[in-house]
$ cat entry.cif   # mmCIF, C-alpha atoms
data_final
#
loop_
_atom_site.label_atom_id
_atom_site.label_comp_id
_atom_site.auth_asym_id
_atom_site.auth_seq_id
_atom_site.Cartn_x
_atom_site.Cartn_y
_atom_site.Cartn_z
CA MET M 1 87.88 -47.75 62.75
CA LYS M 2 87.82 -44.53 60.91
CA TYR M 3 87.27 -45.10 57.19
CA PHE M 4 88.79 -42.15 55.54
CA VAL M 5 89.83 -42.19 51.91
CA VAL M 6 91.84 -39.57 50.11
CA PHE M 7 91.70 -39.68 46.36
CA ALA M 8 94.15 -37.65 44.31
CA ALA M 9 92.40 -35.36 41.84
CA ILE M 10 93.82 -35.46 38.35
CA ALA M 11 92.57 -32.50 36.35
CA GLY M 12 92.69 -33.15 32.62
CA VAL M 13 92.08 -30.08 30.49
CA SER M 14 92.13 -29.99 26.71
CA LEU M 15 92.62 -26.57 25.20
CA ILE M 16 91.43 -25.60 21.73
CA ALA M 17 93.13 -22.68 20.06
CA LEU M 18 91.19 -20.60 17.58
CA PRO M 19 92.99 -20.18 14.25
CA ALA M 20 94.46 -16.77 13.68
CA GLY M 21 92.49 -15.27 10.83
CA ALA M 22 90.20 -12.46 9.80
CA ASP M 23 86.44 -12.66 9.37
CA GLY M 24 86.89 -12.70 5.60
CA ASP M 25 87.28 -15.65 3.28
CA GLU M 26 89.03 -18.56 4.97
CA ASP M 27 91.05 -19.20 1.83
CA ALA M 28 93.27 -16.29 2.84
CA VAL M 29 94.33 -18.31 5.90
CA PHE M 30 94.22 -21.96 4.80
CA GLY M 31 94.76 -21.75 1.08
CA SER M 32 92.51 -22.18 -1.95
CA PRO M 33 89.71 -24.78 -2.29
CA ALA M 34 92.07 -26.82 -4.44
CA GLY M 35 93.94 -27.62 -1.25
CA SER M 36 90.98 -29.52 0.28
CA PHE M 37 91.05 -33.27 0.63
CA ALA M 38 88.61 -36.06 1.50
CA ILE M 39 89.46 -38.70 4.12
CA ASP M 40 87.71 -41.65 5.72
CA THR M 41 86.19 -40.65 9.08
CA GLN M 42 86.62 -44.20 10.38
CA GLU M 43 90.36 -43.62 10.46
CA PHE M 44 89.81 -41.04 13.17
CA GLN M 45 87.44 -42.91 15.51
CA THR M 46 90.12 -43.07 18.18
CA LEU M 47 89.51 -43.82 21.83
CA ASP M 48 90.08 -40.91 24.16
CA ALA M 49 88.77 -42.06 27.53
CA PRO M 50 88.47 -39.35 30.22
CA ASP M 51 91.08 -39.72 32.95
CA SER M 52 90.07 -36.90 35.27
CA PHE M 53 89.25 -37.85 38.86
CA GLY M 54 87.86 -35.70 41.66
CA ALA M 55 85.22 -32.98 41.65
CA LEU M 56 87.12 -30.59 39.38
CA ASN M 57 85.95 -29.81 35.86
CA GLY M 58 87.49 -31.62 32.92
CA TRP M 59 87.13 -31.15 29.17
CA LYS M 60 86.28 -33.79 26.60
CA THR M 61 86.88 -32.78 22.97
CA PHE M 62 85.23 -34.20 19.86
CA HIS M 63 87.18 -32.96 16.86
CA ALA M 64 85.50 -32.79 13.46
CA ALA M 65 87.20 -35.93 12.17
CA ARG M 66 85.38 -37.99 14.80
CA TRP M 67 81.89 -36.89 13.69
CA LEU M 68 79.88 -39.08 11.33
CA PRO M 69 77.64 -37.78 8.52
CA TRP M 70 73.92 -38.56 8.76
CA ASP M 71 73.86 -39.14 5.03
CA LYS M 72 75.71 -42.43 4.56
CA THR M 73 76.48 -41.56 0.95
CA ALA M 74 78.13 -38.28 1.86
CA ASN M 75 81.87 -37.88 1.43
CA PRO M 76 82.92 -35.21 3.93
CA GLU M 77 85.71 -32.90 2.88
CA TYR M 78 88.29 -31.73 5.40
CA TRP M 79 90.37 -28.60 5.34
CA SER M 80 93.68 -28.07 7.05
CA PRO M 81 94.02 -27.81 9.99
CA GLY M 82 91.06 -30.05 10.82
CA TYR M 83 87.96 -28.11 9.75
CA ILE M 84 85.10 -29.94 8.00
CA GLY M 85 82.60 -28.56 5.51
CA PRO M 86 78.79 -28.79 5.57
CA ILE M 87 76.64 -31.53 4.05
CA THR M 88 73.69 -30.12 2.12
CA SER M 89 71.68 -33.26 1.32
CA LEU M 90 68.17 -34.05 2.62
CA TRP M 91 69.52 -35.69 5.77
CA SER M 92 72.19 -33.11 6.30
CA GLY M 93 74.61 -32.81 9.16
CA TYR M 94 76.91 -34.72 11.48
CA TRP M 95 76.60 -36.42 14.84
CA VAL M 96 78.95 -37.75 17.50
CA GLN M 97 78.14 -39.91 20.51
CA PHE M 98 79.39 -39.25 24.04
CA ASP M 99 81.83 -41.55 25.78
CA LEU M 100 81.88 -40.03 29.25
CA PRO M 101 81.92 -42.05 32.51
CA LEU M 102 78.68 -42.84 34.34
CA GLY M 103 77.64 -40.05 36.69
CA ALA M 104 79.54 -37.37 34.76
CA SER M 105 77.78 -34.02 35.10
CA VAL M 106 77.82 -31.97 31.87
CA ASP M 107 77.30 -28.24 32.39
CA HIS M 108 78.74 -26.54 29.30
CA ILE M 109 79.27 -27.38 25.62
CA TYR M 110 80.65 -25.30 22.80
CA ALA M 111 81.47 -25.82 19.14
CA LEU M 112 84.11 -23.98 17.15
CA VAL M 113 82.88 -22.98 13.71
CA TYR M 114 83.62 -20.74 10.75
CA ASP M 115 80.62 -18.95 9.24
CA ASN M 116 81.15 -16.37 6.52
CA ASP M 117 77.91 -17.13 4.65
CA ALA M 118 75.14 -14.52 4.93
CA SER M 119 72.49 -17.06 3.86
CA ALA M 120 73.36 -19.99 6.12
CA SER M 121 74.13 -20.89 9.73
CA TRP M 122 75.65 -23.67 11.82
CA ASN M 123 73.35 -25.32 14.38
CA LEU M 124 74.53 -27.26 17.44
CA SER M 125 72.22 -29.41 19.58
CA PHE M 126 72.67 -31.80 22.53
CA SER M 127 70.23 -34.69 23.02
CA ALA M 128 69.77 -38.07 24.66
CA TYR M 129 68.18 -41.13 23.06
CA GLU M 130 66.28 -43.67 25.14
CA GLY M 131 65.72 -47.04 23.48
CA GLY M 132 62.15 -48.18 22.84
CA GLU M 133 60.54 -51.49 23.77
CA GLY M 134 59.46 -53.73 20.90
CA ALA M 135 57.76 -51.64 18.23
CA THR M 136 57.99 -48.49 20.37
CA GLN M 137 60.11 -45.76 18.87
CA PRO M 138 63.05 -44.45 20.88
CA ASP M 139 62.50 -41.22 22.80
CA ILE M 140 64.58 -38.17 21.98
CA ILE M 141 65.21 -35.86 24.94
CA PRO M 142 66.69 -32.47 23.93
CA PHE M 143 68.86 -30.60 26.42
CA GLY M 144 69.85 -27.50 24.49
CA SER M 145 70.67 -25.97 21.13
CA GLY M 146 72.29 -22.90 19.62
CA SER M 147 73.31 -21.50 16.25
CA THR M 148 75.03 -18.72 14.38
CA SER M 149 72.71 -16.21 12.75
CA VAL M 150 71.59 -17.09 9.22
CA SER M 151 72.19 -13.52 8.12
CA GLY M 152 75.29 -13.05 10.26
CA VAL M 153 78.87 -13.52 9.13
CA PRO M 154 80.83 -13.83 12.39
CA GLY M 155 83.73 -15.66 10.75
CA TYR M 156 85.56 -17.72 13.36
CA THR M 157 83.26 -18.02 16.36
CA ARG M 158 81.80 -20.46 18.84
CA ILE M 159 78.30 -21.75 19.59
CA SER M 160 77.82 -22.19 23.35
CA LEU M 161 75.27 -24.25 25.27
CA ASP M 162 75.19 -23.23 28.94
CA LEU M 163 73.74 -26.00 31.12
CA THR M 164 75.01 -24.73 34.49
CA GLY M 165 71.45 -24.15 35.74
CA SER M 166 70.47 -27.77 35.02
CA PRO M 167 73.50 -29.98 34.37
CA VAL M 168 72.93 -33.26 32.54
CA VAL M 169 74.09 -36.34 34.46
CA ILE M 170 75.25 -39.13 32.16
CA ARG M 171 73.52 -42.49 32.72
CA GLU M 172 73.37 -45.74 30.77
CA TRP M 173 70.08 -47.21 32.02
CA PHE M 174 67.28 -44.94 33.19
CA ASP M 175 63.71 -43.74 32.57
CA LEU M 176 64.80 -40.41 31.16
CA SER M 177 61.57 -39.81 29.23
CA GLY M 178 59.39 -40.36 32.31
CA ASP M 179 57.10 -42.93 30.66
CA GLY M 180 57.55 -45.48 33.45
CA PHE M 181 59.97 -47.73 31.53
CA ARG M 182 63.73 -47.84 31.99
CA ASN M 183 65.95 -48.52 29.00
CA MET M 184 69.42 -47.99 27.58
CA LEU M 185 70.50 -44.43 26.90
CA GLY M 186 72.82 -42.71 24.48
CA TYR M 187 73.96 -39.08 24.42
CA GLY M 188 75.14 -37.17 21.40
CA LEU M 189 75.82 -33.88 19.68
CA GLN M 190 74.37 -32.91 16.32
CA MET M 191 75.79 -30.31 13.95
CA THR M 192 73.67 -29.16 11.00
CA THR M 193 73.42 -26.20 8.65
CA SER M 194 70.44 -24.01 7.76
CA GLY M 195 70.08 -22.39 4.37
CA ALA M 196 72.02 -23.09 1.20
CA ALA M 197 75.42 -23.33 2.81
CA ASP M 198 78.44 -22.46 0.69
CA PHE M 199 81.18 -24.99 1.34
CA ASN M 200 83.83 -22.34 0.78
CA GLN M 201 82.34 -20.16 3.53
CA MET M 202 81.28 -22.73 6.16
CA ARG M 203 83.40 -25.06 8.33
CA PHE M 204 83.39 -26.49 11.83
CA PHE M 205 86.31 -27.69 13.94
CA GLY M 206 84.53 -29.77 16.58
CA ALA M 207 83.04 -29.42 20.03
CA ALA M 208 84.21 -29.45 23.63
CA VAL M 209 82.20 -30.71 26.61
CA ARG M 210 82.86 -29.55 30.18
CA TRP M 211 82.08 -32.20 32.77
CA SER M 212 82.86 -33.27 36.33
CA ARG M 213 82.43 -36.49 38.29
CA THR M 214 79.57 -36.73 40.77
CA ILE M 215 78.72 -38.87 43.80
CA THR M 216 75.61 -41.04 43.91
CA PRO M 217 72.74 -39.17 45.65
CA ALA M 218 72.17 -40.14 49.28
CA PRO M 219 69.59 -42.95 49.78
CA GLY M 220 66.47 -42.60 51.91
CA SER M 221 67.61 -45.07 54.56
CA ALA M 222 70.86 -45.67 56.42
CA THR M 223 73.01 -48.78 56.07
CA PHE M 224 74.89 -48.32 59.35
CA GLY M 225 73.44 -47.69 62.78
CA ASP M 226 76.17 -45.20 63.68
CA VAL M 227 75.82 -43.18 60.45
CA PRO M 228 72.19 -42.01 60.40
CA LEU M 229 70.52 -39.93 57.69
CA GLY M 230 71.88 -36.40 57.54
CA SER M 231 75.04 -37.15 59.49
CA PHE M 232 78.42 -35.91 58.32
CA GLY M 233 79.70 -37.99 55.41
CA PHE M 234 76.42 -39.93 55.06
CA GLN M 235 76.20 -39.59 51.26
CA HIS M 236 79.86 -40.45 50.76
CA ILE M 237 79.80 -43.47 53.09
CA GLU M 238 76.65 -44.82 51.43
CA ALA M 239 78.34 -44.39 48.04
CA LEU M 240 81.24 -46.56 49.26
CA VAL M 241 78.78 -49.23 50.38
CA ALA M 242 76.85 -49.15 47.09
CA SER M 243 80.13 -49.48 45.18
CA GLY M 244 81.21 -52.55 47.16
CA ILE M 245 84.22 -50.77 48.63
CA THR M 246 83.31 -51.20 52.30
CA ALA M 247 80.99 -53.28 54.46
CA GLY M 248 81.69 -51.38 57.66
CA CYS M 249 83.48 -52.47 60.80
CA GLY M 250 81.03 -55.15 61.88
CA GLY M 251 77.85 -55.34 63.91
CA GLY M 252 75.96 -53.15 61.47
CA ASN M 253 78.23 -50.15 62.13
CA PHE M 254 80.73 -48.14 60.15
CA CYS M 255 82.78 -46.81 63.10
CA PRO M 256 83.16 -43.31 61.55
CA ASN M 257 85.47 -42.13 64.36
CA GLY M 258 87.77 -45.16 64.32
CA THR M 259 91.31 -45.25 62.96
CA LEU M 260 92.35 -46.49 59.53
CA THR M 261 95.39 -48.66 58.89
CA ARG M 262 97.56 -48.57 55.79
CA ALA M 263 96.29 -52.05 54.86
CA GLN M 264 92.69 -50.87 55.04
CA MET M 265 93.57 -47.85 52.94
CA ALA M 266 95.08 -50.20 50.33
CA VAL M 267 91.84 -52.20 50.23
CA PHE M 268 89.78 -49.06 49.77
CA LEU M 269 91.93 -47.66 46.98
CA ALA M 270 92.34 -50.99 45.14
CA LYS M 271 88.56 -51.59 45.16
CA ALA M 272 87.72 -48.01 44.20
CA LEU M 273 90.16 -47.90 41.28
CA GLY M 274 89.77 -51.52 40.17
CA LEU M 275 93.46 -52.39 40.58
CA HIS M 276 95.26 -54.18 38.97
CA TRP M 277 94.77 -56.03 35.69
CA SER M 278 97.75 -56.07 33.34
CA ASP M 279 96.49 -58.60 30.80
#

$ encode --input "entry.cif" --output "structure tokens"
Amino acid sequence: MKYFVVFAAIAGVSLIALPAGADGDEDAVFGSPAGSFAIDTQEFQTLDAPDSFGALNGWKTFHAARWLPWDKTANPEYWSPGYIGPITSLWSGYWVQFDLPLGASVDHIYALVYDNDASASWNLSFSAYEGGEGATQPDIIPFGSGSTSVSGVPGYTRISLDLTGSPVVIREWFDLSGDGFRNMLGYGLQMTTSGAADFNQMRFFGAAVRWSRTITPAPGSATFGDVPLGSFGFQHIEALVASGITAGCGGGNFCPNGTLTRAQMAVFLAKALGLHWSD
């Protein structure tokens, strides 16, 4: 039987529009500082699970209201329409944790910021945290960082992290630090300021992460006698086996050139998508 599965690709793209304004004082666009207001970030910790399937790129956005301040005593101030000001305490800055699916490949990140302060800059970094064992401290694995110039005043701009040369594959349990021990992982973005940032001249809107789904790398040995290493579809067939979607056609074979019935297609799709739980 020929096991052939066609999955519909659903491309989900979130677009962020830059506010229309000059490089001068933001008050000219959004009003005076008296119009600022403080709100509880917990009100904006909404779930926004990715729903893109297939190999196409999708975007995951983390708006400013979803970021948490490092300083637990800080009271972030938000400006319409959704910009947040800097925190200038000892433990200054914000962070947000990823909630992307396992195997997601991240190849580009950017943050939208406003910087009209000639003595400060916004700094964006992307890191993973691997839990430690016992008294061992967690490992921090940096993947990239960028910033606006301390002396520059670009106004509305973006900070980009290009990871296309070495995309980061999201995992939950792995030896990412290379110390020989596997442990739980977490991925996050950090946004900080350098210099004595002027709240009236510094804001950030959030960040966007470009990602795509990946297929498990091919194993070093074959499961089926009729699908040897290097054969057409080997990686994809082995991924189906590892996911519990197929056990082949019997006798230790996969029957790659066999036919596929509608009933078999239903089994493949239902197992692959985890259908259907309504309660």

$ resolve_selection --input "entry.cif" --expression "the PyMOL selection byres ((chain M and resi 203-209) around 6)" --output "list of chain:residue names"
M:Trp59, M:Lys60, M:Thr61, M:Phe62, M:His63, M:Ala64, M:Tyr83, M:Ile84, M:Gly85, M:Ile109, M:Tyr110, M:Ala111, M:Leu112, M:Val113, M:Tyr114, M:Met202, M:Arg210

$ resolve_selection --input "entry.cif" --expression "the PyMOL selection byres ((chain M and resi 242-258) around 6)" --output "list in words"
Met1, Lys2, Phe224, Gly225, Asp226, Ala239, Leu240, Val241, Thr259, Phe268 and Lys271 of chain M

$ closest_residue --input "entry.cif" --among "M:Leu56, M:Leu176, M:Ile87, M:Ile141" --to "Asp198 (chain M)" --atoms "only C-alpha atoms"
M:Ile87

$ atom_distance --input "entry.cif" --atom1 "CA of Val153 (chain M)" --atom2 "CA of Pro81 (chain M)"
20.8 Å

$ resolve_selection --input "entry.cif" --expression "the PyMOL selection byres ((chain M and resi 162) around 7)" --output "compact mmCIF listing (two decimals) with C-alpha atoms, in the coordinates of the input"
# COMPACT_ATOMS: atom_id res chain seq x y z
CA ASP M 107 77.30 -28.24 32.39
CA HIS M 108 78.74 -26.54 29.30
CA ILE M 109 79.27 -27.38 25.62
CA SER M 160 77.82 -22.19 23.35
CA LEU M 161 75.27 -24.25 25.27
CA LEU M 163 73.74 -26.00 31.12
CA THR M 164 75.01 -24.73 34.49

$ atom_distance --input "entry.cif" --atom1 "CA of Asp99 (chain M)" --atom2 "CA of Thr214 (chain M)"
15.9 Å

$ atom_distance --input "entry.cif" --atom1 "CA of Ser105 (chain M)" --atom2 "CA of Gly188 (chain M)"
14.3 Å

$ axis_aligned_box --input "entry.cif" --around "region 162-170 of chain M" --padding-each-side "4 Å" --output "JSON"
{"center_x": 72.9, "center_y": -31.2, "center_z": 32.3, "size_x": 12.8, "size_y": 23.9, "size_z": 14.8}

$ closest_residue --input "entry.cif" --among "M:Gln137, M:Ser166, M:Ser212, M:Ser194" --to "Pro101 (chain M)" --atoms "all atoms listed in the file"
M:Ser212

$ closest_residue --input "entry.cif" --among "M:Leu260, M:Leu185, M:Ala128, M:Met191" --to "Ile159 (chain M)" --atoms "all atoms listed in the file"
M:Met191

$ closest_residue --input "entry.cif" --among "M:His276, M:Gly93, M:Thr148, M:Tyr129" --to "Asp175 (chain M)" --atoms "all atoms listed in the file"
M:Tyr129

$ closest_residue --input "entry.cif" --among "M:Tyr156, M:Trp79, M:Phe98, M:Tyr187" --to "Ser127 (chain M)" --atoms "all atoms listed in the file"
M:Tyr187

$ decode --input "entry.cif" --residues "region 144-171 of chain M" --atoms "C-alpha atoms" --output "CSV table (one decimal), in the first residue's frame"
chain,number,residue,atom,x,y,z
M,144,GLY,CA,22.0,36.8,19.1
M,145,SER,CA,21.6,40.4,20.1
M,146,GLY,CA,21.3,43.9,18.6
M,147,SER,CA,20.7,47.4,19.7
M,148,THR,CA,20.1,51.0,18.5
M,149,SER,CA,23.1,53.3,18.8
M,150,VAL,CA,23.5,55.0,22.2
M,151,SER,CA,24.3,58.3,20.4
M,152,GLY,CA,21.9,57.7,17.6
M,153,VAL,CA,18.3,59.1,17.5
M,154,PRO,CA,16.6,56.9,14.8
M,155,GLY,CA,13.1,57.6,16.1
M,156,TYR,CA,10.8,54.8,15.0
M,157,THR,CA,13.0,51.9,13.9
M,158,ARG,CA,13.5,48.2,14.3
M,159,ILE,CA,16.2,46.0,15.8
M,160,SER,CA,16.8,42.9,13.7
M,161,LEU,CA,18.4,39.6,14.6
M,162,ASP,CA,19.1,37.5,11.5
M,163,LEU,CA,19.5,33.8,12.3
M,164,THR,CA,19.1,32.5,8.7
M,165,GLY,CA,22.6,31.1,8.7
M,166,SER,CA,22.0,29.1,11.9
M,167,PRO,CA,18.3,28.8,12.7
M,168,VAL,CA,17.4,27.9,16.3
M,169,VAL,CA,15.2,24.8,16.6
M,170,ILE,CA,12.9,24.9,19.6
M,171,ARG,CA,13.1,21.9,21.9
